Each structure stands twice: as C-alpha cells, then as structure tokens.
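Notes follow once the structure below has been shown.
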Amino acid sequence: MCGIIGYIGKGKASKVLYNGLRRLEYRGYDSCGIGVIDEKLVIKKDVGKVEEVAKKERFLDLEGNIGIGHCLHPDTYIILSDGRIKKISELDEDKVLSANFEDLKLYSKKIKKFKHKAPKILYKIKTTFSELITTGEHRLFVVENGKIVEKCVKDLNGNELIGIVRKLNFNFNNGVKFKDVNLDIVEKNPIKFPKVPSPELMQIIGYIIGDGYFPSNRSLRLKDERKEVLEKYKELFKNIFNLEGNIRKGDGNYYILEINSKYLVDWFRENVPELFNKTGSKRTSEFIFKLDNDLVASYLRGIFDAEGCVGTDAKEISIVMTSEQLIREIQFLLLRFGILASYSRARGKKESWKDSHTLIISDKKSLELFKKYIGFTAEDKMEKLDKILSKMKGLNFKYISVPLTKKEIIEFLDVSLKTIKNKEEYCTDYTIEKIIEELNNKGLHDKASYLKKFLDGDIVWTRFKIEKVESDVDYVYDLEVDEYHNFIGNLIVNHNSRWATHGKVSKENAHPHTDCSGKIAIVHNGIITNYMELKEELIKKGHKFKSETDSEVIAHLIEEELKSCKDFKEAVRRALKKVKGTYALAIIHEDHPNLLIGARNESPLIVGLGEDEFFLGSDITAFLDYTKRAMILKDKDIVFIENGKIWVENEGKVVEREIIKIDLDISQAEKGGYEHFMLKEIMEQKETLKISSKISEKEIKELSKLIEKYDKVYFIGMGTSYHACIYAEYLFAKLNKLVIAQEASEFLNKGVVDKDTLVIAITQSGETYDTLKAMRFAKERGAKVVSIVNVLGSTATREADLTILMGAGIEIAVCATKTFTSQLTIIYRAFIEYGKLLGKDMRRYEEELKKLPNYIEEVLNKREKIKEIANSLKVSNYIFISKGINLVSALEGALKFKEITYLHAEGMSSGMLKHGTISLIDENMDTIAIVPPKESAVYSSIISNIEEVRARNGKVIAITPTPLKNTINIEVPNVIEEISPIVYAPAYQLLAYYKAVQLGRDVDKPRGLAKSVTVE
C-alpha cells in the first residue's frame, strides 16, 4: 500500500475514495481497494491499477457516506521434478519443473498451492499439442513482437506465440525392485520372477497396458494383427518369466497370444496393479517415471507396438486411447526423447461411449527421434516410417524453436544471409540449422551460438486459439513457484499466479483488511515490526487470518480488545499501544457508521476539513479536489471524527493541532510543494531514515547470522547500489570481516561462487537486469542469496532466499537519493547486529543510529547555503575526492552530479591524485572534497591532498565537519566515521540538484536514464 484515504461526510464515499486513490496512484500501486459502510460493511479490492480494479470491482456502485479506501482448472496436469505428472488439484508440497528463459532450460523449483472460488466464465486455450482451461486473470508467457512477455489470458488476441515444452531432461535410475509371489507348487520348469526392470520386461508392460487384458486370474492375453509381433512377445515372456505362450487366430482379423499362469497374473497384480484398471482409467505405474530412459523407451515401444499406427499419406504416427491420463503420460514420456506429439480429444458419439484421446507425431525431427529411440517391432511399420522420412522436407510449422521471423532474425543478426530472405514468417529448425552453419562459416560464432541456444532449449513456441467457456468446476488453483516463477501445465509454460514475499501482491493481501467478524476494516501505510508475535498470539486465541500482511494484525487486535472493553474507540487505543512500528491508519466499524478513526506514527497522515465532511490521507493530494484546509497529525496522534465533530488525542490526552490552508494545485501537491520530486525526496530523508532504522528487524538479524556463517561474502549492485556495497566492504572490515563489493555486471566474470558463498544483492527497484542476472548466476551454483530492496513484490524479492525491505517509500525521480541513505542505514544496522554476535559492545553505534534523523535535518537546513554554492560553480569538469569509508561519498557524489547536470564529474580516492589525475588540476577543474570527521585516521591525509589541489590553483569545495581555510565550506555535523557517509549524502545531493536546476536540466528525468534498468 503506497497511499491511504478515509472519508466521512455528506457525499458518496465510494466516489471520494476512488478519486483519492487515483490522485495517490503516482506513489505506486500494485493493488488497491475500498471499504464502505452501506448498512453493512462492504469491501471491494483486487490486484492491479486503481482504474482497472475500480471498474472490475464496481467501486462506484457502493452507496454510503463513510469508507476507507489468477488460476487454473483443477484437471490441469503439472510436470513434477521427480519425473511424474500430477493434476494441480492433487499437488501437495511437491517440486515442479520451471523454465529459465535465459538458457531456455527447465529446473526443479519448490511450490505452494492456492485454491480459489472459480468464476462463471473460464478461457480455453487450444494449441496443436495441448489445451489449457484457465481464468482470465491467469498469466502465460508468450512471444509478442519478438519478445518474451507475460500476459493475462483475457488480454491475449491470438497473434502471440505460447511457450510449450519440447524436451524433458530426465534420466533416473533409483533402483526399483519387484516383489516375488508365493508358489504353491514347485514345478518342473518353475516360473522366474524378475527382480528389477529390464528393457524386455518394460516392453511387455507397455504392450499389456496398450492392448492386453486379463480374462481371468489365471490368464493373460495380447492381441495384434501381426502374428510375427506376437511371436516376438512370446519370446520375451519365455526370456523374462520362463513361460510358454500359445498364439491362435482370433474371431476377427487379429491373433491372440495367451499365457496361462496364476503366478504370472499374481506377479503383475502385486507389482504393476495399474494394468488391471478398467478401460478409460488406465494409467502408467509411478515407478516407470523414475526409470532410466532406455527402460522408458522400451515401455513406450510396447505401447506403440500395441496401439500405434503409421499413416503414410498423412505422414504421421498416431495413437488413440480412451484414458486421458494415460495419453497425457505417454505424451509426457515422449518428451524425454525430444519427441513432441500433438494432442486432441474427440467426444464419444453416443452418451455411453467414452471420449477418445489422440496423440500424433508428425514433424520430421520428432519422427527421426522416434525411429532412433522407440521404433516398432513390426517390420512393416518401420518400413512405412522410413518411407515417410524419405519424403519429408521438414516443412512443419506446428512449433517454432526461434520465435523471430526471418525479417527479425536478419535485423537482429545485422548481417546478410544467403539462407533466408527478408520475410514476415518463421523458420523451421532445419532452416535455423542452415543459418547457424552459414554464421559459423563467416566466423560469427557468438551469433551462431545465440540461435543454437534456442534449438538446444527445452522450450518451443506455437500458435493457439482462445475461447470463453462456462466453468464446470467450483474451484480453480494457482501455484507459487520459487525463483523463475513459472511452471508447466498441460505442457504450456504458465506464469506464477502468486508473488513470493511477505505481503505478496494478491487480492487477499490488498487493502482494506478486516477482522474475523468482517465488521472492522483498516487501511495501513507503514510496517508493523512486531506483527509476527502479535499474529501468533491472536491465532492461539482463535483468530483466522485471510492475508499474509502485517497490516491485518491491526484489525484482529482491535477485535480482540473489543471483547473486554466493549467501546470501539477504547479498543483502538488499547490495540495501538501494543503495536510497534510505523503506521498511518484509517479505521471504520460497521456498527459505528458515524465514526472514522485515524492514527499516525512515523508515517504521514493528514486530515482534510471540508463543509460537513472530513478526509484522511497519507498525502494532501488524496483530498485536494474537495478542500484546501488541512490538519497535519504528529507521531502517536489518534484522530476521532464522529457526528460532525473532530478531536485529536496523543498518549491519552486531547491535544490541539493547527489547521492550515493549502495554497497548492494538484501537480504541486504531489511533489509536496517542492519544485521537483528529487528535491522532495531529498527533503524526506529525515522521515525515511526513521523507518529504515526500524524496518526488517528480524530479517537484518538473520542477515548478520548469515554473514557470520559464510566465509565468502559478496555485496553486489549497480550504480548507486554498488556504492552502498562499497560502504559494506569498509564497514565490516572494521570488525575484521572480509566482504567483497562487486559490480553485478562483472560478477559473472569475477565471482568465485559455490554452495559456501553468501551473495547480498542491493537493488532499489528489485528489477535491475544485471543484478538479477548475477543473483541467478549465484543461485545456480548453490549460493545463498539475500536481496536488499525498496519495492515489495519485485523480481529480486521473489528470487532471493531472504529479502530485506529498506522502507524508503516510493522514489519517483530517476536519481536515487533517499533510497541510497536507506540502503546505507540497512547495512549499518547489519553491521551492528554482526558486532553483537561477535560479543562486541555496539551501544555507541546504536545511539548514533537513533540520532540519524536529527543529523540529516541539520544538513537539510543548510540547503539555501548549498544552493548559493551550486550557483557559483562555473566550470565543466569536477573531481570528487575522499579517503577511507567516505570514498563511497566521493563516488556517489560524482555520480549524482554528472547524471543530472550533464557535466563531467569523477569520483576517486584522494590518494590516487598523485598517480596521474593531479595533472588535470587547474582553474578549469573544481574539486569537491569530502572531509571525514577529525578523529578519522585519514583526516590529515585528505587535508594534505586538498592543499596539493590548492597549490595548483584548483578551487576546492569541502563538505566538512570542521571549517577549512581558503576553501568553500559546506558544514555538516561532526559524527562518528561509520555513519558519516549517510549524514554527508544530502549535502552533495543538494549541490547536484541546485546546479542542475540552474542549468535548466530535467532533474526528475535526466536524458538517457531510467529509474529501473531492466536491460543489460
């Protein structure tokens, strides 16, 4: 939740709330909702943008004058990592196969399953190979305009390509052993019982499940049109079981192989009971999924011997079964060999007839693989297959390995090719192979390797049709999948339906939240740090939670207090006394339709006062369309608005709060009255650091334990986040702990990673491409991965083993300011916790942490002086210098300066000046010196370096805790060295900001830069 609004008055609450949420949307929403009392409390909420959710949930249909403001059919078959397939409705805590779209391979990942009420209308997606029934909100991975993207099913138009599995790289051998059966009589030539699976035995089992049956408990029969085929199987029975069979002509145009042995039937019933299932209910025995591929190939050969047909005119192999599960399992097992079979269902012509399910193998590559690995016993079938292959040219477009048209391939490769012409059509695998050969001949091996990755991948792409169908089930299911966030359902690559962090992005986790009775509703901004212990206590008392958020605890806590005090206002007071953390709250109760309550602690909350109506908002933009009179609440304030009266309490006493007039328009208000978002966000640091000083307490303690546990620790990030990594490197060195700061983009080249490695990724957005790539690189090699992020529900939070939220709030300006100081604060707190684990006295550092907001305020109060200095800067080249832990400040200061002023700036250790850079110093190069506290071991050294600059007529601007002679000073508080990079940051941020404004730059959106760098 990035913004909240509450309303009580004469107007229509739903309209006010909707408008307020739209005004607050600039702060960033992934879900939203409203609660309105219209005789009863009604909650409307969901995942998505405000306008989308409002339309879908029909916000404006709600009357009342007070308020606050993805899934699959159960029969979908999921591919498990242990070699089986299972219906999604039958899954437990299994592991599934998940696609990595970087290498197009499948990997084993953990899941959680969720169940939801099914909507009336579902969508059927039909490909040549499979069909999938899903809700409209469910997401699939598709190719659109040459890019792999995720789309809601309801938004598909049929022009995309859908990802399906082409190959499964299973090859088990888990030591399956069979049981013997008791022999009543010892015969002359006793029956032999196989102890373990063999190719011959698996071929027999395959034939039985295809066209074998047990007419009695003493007999087994196989049928075939070809006597020579049954002769072969007669021989197999003799070899495996030491049993003779009898072949005779049947009633029709077929032969029968009959083997009479009670012990044989008993053995199959004991070891392969699925062979006795009725027609239409046949299925593959579970042990078969865990066999090696040679044994599976023999099993499939038996099935295709019994039921497979070869059509020379149609150029295909087909097999028809009445059991859907069995046909799906055969299709699945064929994928072990890269054989892709299309699937279709035919309804029974009469009510008493079962549906038939057909697999067809018709592309040249799959037919070649079938011949190589499976084959037929019947010679005439093999001759037909050879005839088909001799006539095929490979022109089959049932699937596409490289999801780029010929035109897109030429544009991507940027090289002329003889193999293809510039056309809007896709290539067959054989054409791609020729392109790869041509590229290799030209010496373009990298480009050839890129295309070969698709050919060697486990995923291909296909066209599809989509239609709406009426739901035939009560419930639908989703999965939450670790890391790659997708799974294979009916061979189709499905996107995660859920997100994987505390408070996932889902309808259940959207605000408002209610108590067990459904009468109390709350919306909340902030973090409840003791929510887990409160939640556990409430669960013991019988409370049922519907979400995974910290916020819902508040509604249940109020409900619990109501049991003893019976007064709603008093229950709120008591509940909030038990809550630790930050909050801005709006609270309503169905039985109190004339009462709206708000509360604030270290998270902004403002009261709007209109004519006979009142508003609560985390931002004045929430209600600026209705009134310009506002009351700013302070920490620990609780505001009560009842029957047209308003009063504020703090620590149990009624207090007065000033009412102010807001002289701003909406666009100004969104920026808090500041000219730019960047300035607003710099000025917010006093407040954001209060949150960053308290947020993620449990997770930071866990991180410190991991840092102690692992000998090899990396901090990785890009840009500003990388500078935060360098801060960690210096900070932990003070406790004799070696951690390595590394740019995420170079981590794949320099990182030495294995299962004994801890990788801590820092990324504001959680979507930085290079950082995500480095995280995946680390995880693939068994490393433990932690993410420090600002955006809840981002990719980094979903892929990390542990996530630490920094609590900086939404940052709109491209330039990172408040998120940087929040990152440093999180690292500083981890440093404190690590020191405690070592038995060090860290009280001094804890005291300085408490003072951080005041230190920051002291620097921010000098902004007019900093503005003057910025405006006096005239040159186009700048060097930022420092030493020790404040090298971080020099690097970050230079980055801030150049990215928004567009002037050249370079950050470096002052010790490097004399190694070349000092030759650039003259009147055209200004130096910004970051001076450490006077107690620092490097203070004298940096002062000496400043003198060297001045000796060459260099102008020096010093950000310094002690005024220096003959320099322009920006004075900052004299603090301990460990927190000085945090305290100094606003000074150089403001310097860069005011210089950029003077130059007329687009401060919030510098040229060529993006807030979240999602490309390499």
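Residue numbering restarts at 1 for every chain of the structure tokens, chains are lettered A, B, ... in their displayed order, and ligands are numbered from 1 as they appear.
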>> Going by DSSP on the backbone, which residues of region 740-940 of chain A come out as strand (DSSP E or B)? List them as a ChimeraX atom specification.
In response: /A:740-743,757-763,784-789,802-805,877-882,904-909,925-930
Go ahead and write the selection's residues with N, CA and C atoms as a short mmCIF file (atom, residue, chain, number, x, y, z; two decimals), in the first residue's frame.
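Final file, out_11.cif:
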```
data_model
loop_
_atom_site.label_atom_id
_atom_site.label_comp_id
_atom_site.auth_asym_id
_atom_site.auth_seq_id
_atom_site.Cartn_x
_atom_site.Cartn_y
_atom_site.Cartn_z
N ILE A 740 33.24 -8.67 0.01
CA ILE A 740 33.72 -8.15 -1.27
C ILE A 740 32.60 -7.40 -1.96
N ALA A 741 32.85 -6.14 -2.30
CA ALA A 741 31.90 -5.35 -3.09
C ALA A 741 32.20 -5.55 -4.57
N GLN A 742 31.17 -5.82 -5.35
CA GLN A 742 31.41 -6.07 -6.76
C GLN A 742 30.24 -5.56 -7.60
N GLU A 743 30.58 -4.98 -8.74
CA GLU A 743 29.54 -4.58 -9.69
C GLU A 743 28.84 -5.84 -10.19
N THR A 757 29.03 -19.83 -0.41
CA THR A 757 29.08 -18.40 -0.70
C THR A 757 27.76 -17.73 -0.32
N LEU A 758 27.85 -16.54 0.25
CA LEU A 758 26.69 -15.69 0.52
C LEU A 758 26.76 -14.48 -0.41
N VAL A 759 25.69 -14.25 -1.15
CA VAL A 759 25.63 -13.11 -2.07
C VAL A 759 24.49 -12.19 -1.65
N ILE A 760 24.83 -10.93 -1.35
CA ILE A 760 23.84 -9.95 -0.91
C ILE A 760 23.67 -8.94 -2.03
N ALA A 761 22.51 -8.97 -2.66
CA ALA A 761 22.23 -8.11 -3.82
C ALA A 761 21.45 -6.88 -3.37
N ILE A 762 21.94 -5.72 -3.76
CA ILE A 762 21.26 -4.46 -3.41
C ILE A 762 20.70 -3.86 -4.69
N THR A 763 19.40 -3.62 -4.70
CA THR A 763 18.74 -3.04 -5.87
C THR A 763 17.51 -2.28 -5.42
N LYS A 784 23.83 -18.96 -1.26
CA LYS A 784 22.71 -18.35 -0.54
C LYS A 784 22.60 -16.92 -1.02
N VAL A 785 21.38 -16.48 -1.36
CA VAL A 785 21.20 -15.14 -1.94
C VAL A 785 20.23 -14.33 -1.10
N VAL A 786 20.67 -13.12 -0.74
CA VAL A 786 19.85 -12.17 0.03
C VAL A 786 19.65 -10.93 -0.84
N SER A 787 18.45 -10.33 -0.78
CA SER A 787 18.23 -9.08 -1.51
C SER A 787 17.86 -7.97 -0.53
N ILE A 788 18.42 -6.78 -0.77
CA ILE A 788 18.04 -5.56 -0.04
C ILE A 788 17.36 -4.67 -1.07
N VAL A 789 16.05 -4.47 -0.92
CA VAL A 789 15.27 -3.81 -1.97
C VAL A 789 14.30 -2.81 -1.36
N LEU A 802 16.32 -14.66 1.14
CA LEU A 802 15.93 -13.77 2.23
C LEU A 802 15.85 -12.36 1.65
N THR A 803 14.78 -11.65 1.99
CA THR A 803 14.60 -10.28 1.49
C THR A 803 14.55 -9.30 2.65
N ILE A 804 15.25 -8.18 2.50
CA ILE A 804 15.22 -7.10 3.48
C ILE A 804 14.70 -5.86 2.79
N LEU A 805 13.56 -5.37 3.26
CA LEU A 805 12.98 -4.15 2.70
C LEU A 805 13.62 -2.94 3.37
N ASN A 877 34.19 20.71 -15.43
CA ASN A 877 34.85 19.47 -15.00
C ASN A 877 35.03 19.47 -13.49
N TYR A 878 34.71 18.33 -12.86
CA TYR A 878 34.75 18.24 -11.40
C TYR A 878 35.36 16.92 -10.95
N ILE A 879 36.14 16.99 -9.87
CA ILE A 879 36.65 15.78 -9.23
C ILE A 879 36.13 15.75 -7.80
N PHE A 880 35.55 14.60 -7.42
CA PHE A 880 35.10 14.39 -6.04
C PHE A 880 36.11 13.47 -5.37
N ILE A 881 36.69 13.91 -4.26
CA ILE A 881 37.74 13.10 -3.61
C ILE A 881 37.43 12.86 -2.15
N SER A 882 37.90 11.74 -1.65
CA SER A 882 37.87 11.45 -0.22
C SER A 882 38.75 10.23 0.02
N HIS A 904 30.93 16.84 -16.64
CA HIS A 904 31.86 15.75 -16.32
C HIS A 904 32.23 15.79 -14.84
N ALA A 905 32.09 14.64 -14.19
CA ALA A 905 32.48 14.53 -12.78
C ALA A 905 33.05 13.15 -12.55
N GLU A 906 34.11 13.08 -11.74
CA GLU A 906 34.77 11.81 -11.48
C GLU A 906 35.04 11.68 -9.99
N GLY A 907 34.69 10.52 -9.42
CA GLY A 907 34.96 10.28 -8.01
C GLY A 907 36.15 9.37 -7.83
N MET A 908 36.98 9.64 -6.82
CA MET A 908 38.16 8.80 -6.62
C MET A 908 38.72 8.99 -5.22
N SER A 909 39.59 8.07 -4.85
CA SER A 909 40.34 8.23 -3.61
C SER A 909 41.33 9.37 -3.79
N MET A 925 39.14 23.06 -13.45
CA MET A 925 38.72 21.81 -12.80
C MET A 925 38.49 22.09 -11.32
N ASP A 926 37.22 22.01 -10.87
CA ASP A 926 36.91 22.20 -9.45
C ASP A 926 36.94 20.87 -8.72
N THR A 927 37.31 20.94 -7.46
CA THR A 927 37.39 19.73 -6.63
C THR A 927 36.40 19.82 -5.48
N ILE A 928 35.59 18.79 -5.34
CA ILE A 928 34.69 18.68 -4.18
C ILE A 928 35.32 17.66 -3.26
N ALA A 929 35.74 18.10 -2.08
CA ALA A 929 36.43 17.23 -1.13
C ALA A 929 35.47 16.83 -0.02
N ILE A 930 35.35 15.53 0.19
CA ILE A 930 34.51 15.01 1.28
C ILE A 930 35.45 14.75 2.46
#
```
>> Would you pick out the contacts of Met532 (chain A) at 12 Å or less, using only C-alpha atoms, so that residues sharing its chain but fewer than 2 positions from it are not included, and give the list as a ChimeraX atom specification?
In response: /A:502,527-530,534-539,548-554,579-580,696-698
Emit the selected residues as an mmCIF file, in the first residue's frame, including N, CA, C and O atoms.
```
data_model
loop_
_atom_site.group_PDB
_atom_site.id
_atom_site.type_symbol
_atom_site.label_atom_id
_atom_site.label_comp_id
_atom_site.auth_asym_id
_atom_site.auth_seq_id
_atom_site.Cartn_x
_atom_site.Cartn_y
_atom_site.Cartn_z
ATOM 1 N N HIS A 502 6.881 -11.416 1.806
ATOM 2 C CA HIS A 502 5.957 -11.040 2.871
ATOM 3 C C HIS A 502 4.964 -10.049 2.280
ATOM 4 O O HIS A 502 5.327 -9.020 1.740
ATOM 5 N N ILE A 527 5.008 -0.177 8.464
ATOM 6 C CA ILE A 527 5.486 -1.529 8.772
ATOM 7 C C ILE A 527 5.240 -1.808 10.251
ATOM 8 O O ILE A 527 5.678 -1.038 11.107
ATOM 9 N N ILE A 528 4.546 -2.900 10.559
ATOM 10 C CA ILE A 528 4.361 -3.328 11.950
ATOM 11 C C ILE A 528 5.483 -4.317 12.270
ATOM 12 O O ILE A 528 5.494 -5.445 11.766
ATOM 13 N N THR A 529 6.436 -3.902 13.082
ATOM 14 C CA THR A 529 7.645 -4.706 13.288
ATOM 15 C C THR A 529 7.408 -5.906 14.197
ATOM 16 O O THR A 529 8.136 -6.899 14.113
ATOM 17 N N ASN A 530 6.406 -5.852 15.072
ATOM 18 C CA ASN A 530 6.141 -6.986 15.971
ATOM 19 C C ASN A 530 4.902 -7.766 15.535
ATOM 20 O O ASN A 530 4.252 -8.423 16.351
ATOM 21 N N LEU A 534 2.421 -10.763 17.527
ATOM 22 C CA LEU A 534 1.005 -10.447 17.723
ATOM 23 C C LEU A 534 0.117 -11.453 17.000
ATOM 24 O O LEU A 534 -0.891 -11.922 17.544
ATOM 25 N N LYS A 535 0.516 -11.795 15.773
ATOM 26 C CA LYS A 535 -0.285 -12.721 14.974
ATOM 27 C C LYS A 535 -0.337 -14.099 15.628
ATOM 28 O O LYS A 535 -1.408 -14.728 15.708
ATOM 29 N N GLU A 536 0.810 -14.581 16.105
ATOM 30 C CA GLU A 536 0.848 -15.901 16.745
ATOM 31 C C GLU A 536 -0.042 -15.930 17.986
ATOM 32 O O GLU A 536 -0.762 -16.906 18.229
ATOM 33 N N GLU A 537 -0.021 -14.838 18.747
ATOM 34 C CA GLU A 537 -0.855 -14.753 19.945
ATOM 35 C C GLU A 537 -2.340 -14.746 19.577
ATOM 36 O O GLU A 537 -3.159 -15.416 20.211
ATOM 37 N N LEU A 538 -2.689 -14.014 18.537
ATOM 38 C CA LEU A 538 -4.088 -13.932 18.104
ATOM 39 C C LEU A 538 -4.580 -15.258 17.531
ATOM 40 O O LEU A 538 -5.731 -15.643 17.731
ATOM 41 N N ILE A 539 -3.708 -15.962 16.810
ATOM 42 C CA ILE A 539 -4.086 -17.276 16.261
ATOM 43 C C ILE A 539 -4.396 -18.248 17.395
ATOM 44 O O ILE A 539 -5.355 -19.020 17.324
ATOM 45 N N GLU A 548 -1.404 -12.451 4.174
ATOM 46 C CA GLU A 548 -0.063 -12.686 4.697
ATOM 47 C C GLU A 548 0.588 -11.379 5.141
ATOM 48 O O GLU A 548 1.789 -11.324 5.335
ATOM 49 N N THR A 549 -0.207 -10.311 5.255
ATOM 50 C CA THR A 549 0.357 -8.993 5.544
ATOM 51 C C THR A 549 0.523 -8.755 7.039
ATOM 52 O O THR A 549 -0.109 -9.411 7.869
ATOM 53 N N ASP A 550 1.359 -7.772 7.370
ATOM 54 C CA ASP A 550 1.454 -7.319 8.747
ATOM 55 C C ASP A 550 0.234 -6.487 9.129
ATOM 56 O O ASP A 550 -0.188 -6.457 10.277
ATOM 57 N N SER A 551 -0.374 -5.820 8.138
ATOM 58 C CA SER A 551 -1.466 -4.873 8.388
ATOM 59 C C SER A 551 -2.692 -5.532 9.002
ATOM 60 O O SER A 551 -3.354 -4.961 9.888
ATOM 61 N N GLU A 552 -3.039 -6.748 8.548
ATOM 62 C CA GLU A 552 -4.273 -7.388 9.003
ATOM 63 C C GLU A 552 -4.285 -7.603 10.513
ATOM 64 O O GLU A 552 -5.352 -7.654 11.144
ATOM 65 N N VAL A 553 -3.098 -7.700 11.107
ATOM 66 C CA VAL A 553 -2.994 -7.892 12.555
ATOM 67 C C VAL A 553 -3.762 -6.800 13.300
ATOM 68 O O VAL A 553 -4.389 -7.059 14.336
ATOM 69 N N ILE A 554 -3.722 -5.584 12.779
ATOM 70 C CA ILE A 554 -4.334 -4.452 13.486
ATOM 71 C C ILE A 554 -5.841 -4.656 13.620
ATOM 72 O O ILE A 554 -6.422 -4.428 14.689
ATOM 73 N N VAL A 579 1.053 -2.139 19.440
ATOM 74 C CA VAL A 579 1.675 -2.181 18.116
ATOM 75 C C VAL A 579 3.022 -1.464 18.132
ATOM 76 O O VAL A 579 3.118 -0.335 18.624
ATOM 77 N N LYS A 580 4.046 -2.114 17.566
ATOM 78 C CA LYS A 580 5.350 -1.478 17.376
ATOM 79 C C LYS A 580 5.589 -1.297 15.886
ATOM 80 O O LYS A 580 5.266 -2.168 15.088
ATOM 81 N N SER A 696 12.340 -4.293 9.072
ATOM 82 C CA SER A 696 13.019 -5.578 8.785
ATOM 83 C C SER A 696 13.965 -6.017 9.897
ATOM 84 O O SER A 696 15.030 -6.589 9.640
ATOM 85 N N GLU A 697 13.561 -5.810 11.125
ATOM 86 C CA GLU A 697 14.433 -6.133 12.266
ATOM 87 C C GLU A 697 14.817 -7.610 12.280
ATOM 88 O O GLU A 697 15.996 -7.965 12.425
ATOM 89 N N LYS A 698 13.819 -8.470 12.131
ATOM 90 C CA LYS A 698 14.068 -9.916 12.153
ATOM 91 C C LYS A 698 14.983 -10.336 11.009
ATOM 92 O O LYS A 698 15.912 -11.133 11.185
#
```
> So which residues touch Lys628 (chain A) within 8 Å, counting only C-alpha atoms, skipping near sequence neighbours fewer than 6 positions away, as a list in words?
Replying inline: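 These residues fall inside the cut-off: Gly608, Leu609, Lys661, Ile662 and Asp663 of chain A.
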Saved selection, atoms kept: N, CA, C and O atoms, as a short mmCIF file (atom, residue, chain, number, x, y, z; two decimals), in the first residue's frame:
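So the final result, stored in result.cif, reads:
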```cif
data_model
loop_
_atom_site.label_atom_id
_atom_site.label_comp_id
_atom_site.auth_asym_id
_atom_site.auth_seq_id
_atom_site.Cartn_x
_atom_site.Cartn_y
_atom_site.Cartn_z
N GLY A 608 -8.19 16.27 6.21
CA GLY A 608 -8.78 17.32 5.40
C GLY A 608 -10.12 17.73 5.99
O GLY A 608 -10.92 16.85 6.38
N LEU A 609 -10.38 19.02 6.07
CA LEU A 609 -11.61 19.51 6.68
C LEU A 609 -12.43 20.26 5.64
O LEU A 609 -12.00 21.31 5.13
N LYS A 661 -4.03 26.32 5.63
CA LYS A 661 -4.62 26.43 4.30
C LYS A 661 -3.56 26.03 3.27
O LYS A 661 -2.42 26.49 3.30
N ILE A 662 -3.96 25.14 2.37
CA ILE A 662 -3.03 24.63 1.36
C ILE A 662 -3.15 25.49 0.11
O ILE A 662 -4.19 25.49 -0.56
N ASP A 663 -2.09 26.20 -0.21
CA ASP A 663 -2.11 27.08 -1.39
C ASP A 663 -1.33 26.42 -2.53
O ASP A 663 -0.32 26.94 -3.00
#
```
> For Lys10 (chain A), which of A:Gly839, A:Tyr769, A:Gly610, A:Phe732 is the closest residue, counting only C-alpha atoms?
Replying inline: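 Looking only at the distances to Lys10 (chain A), the closest residue turns out to be A:Gly610.
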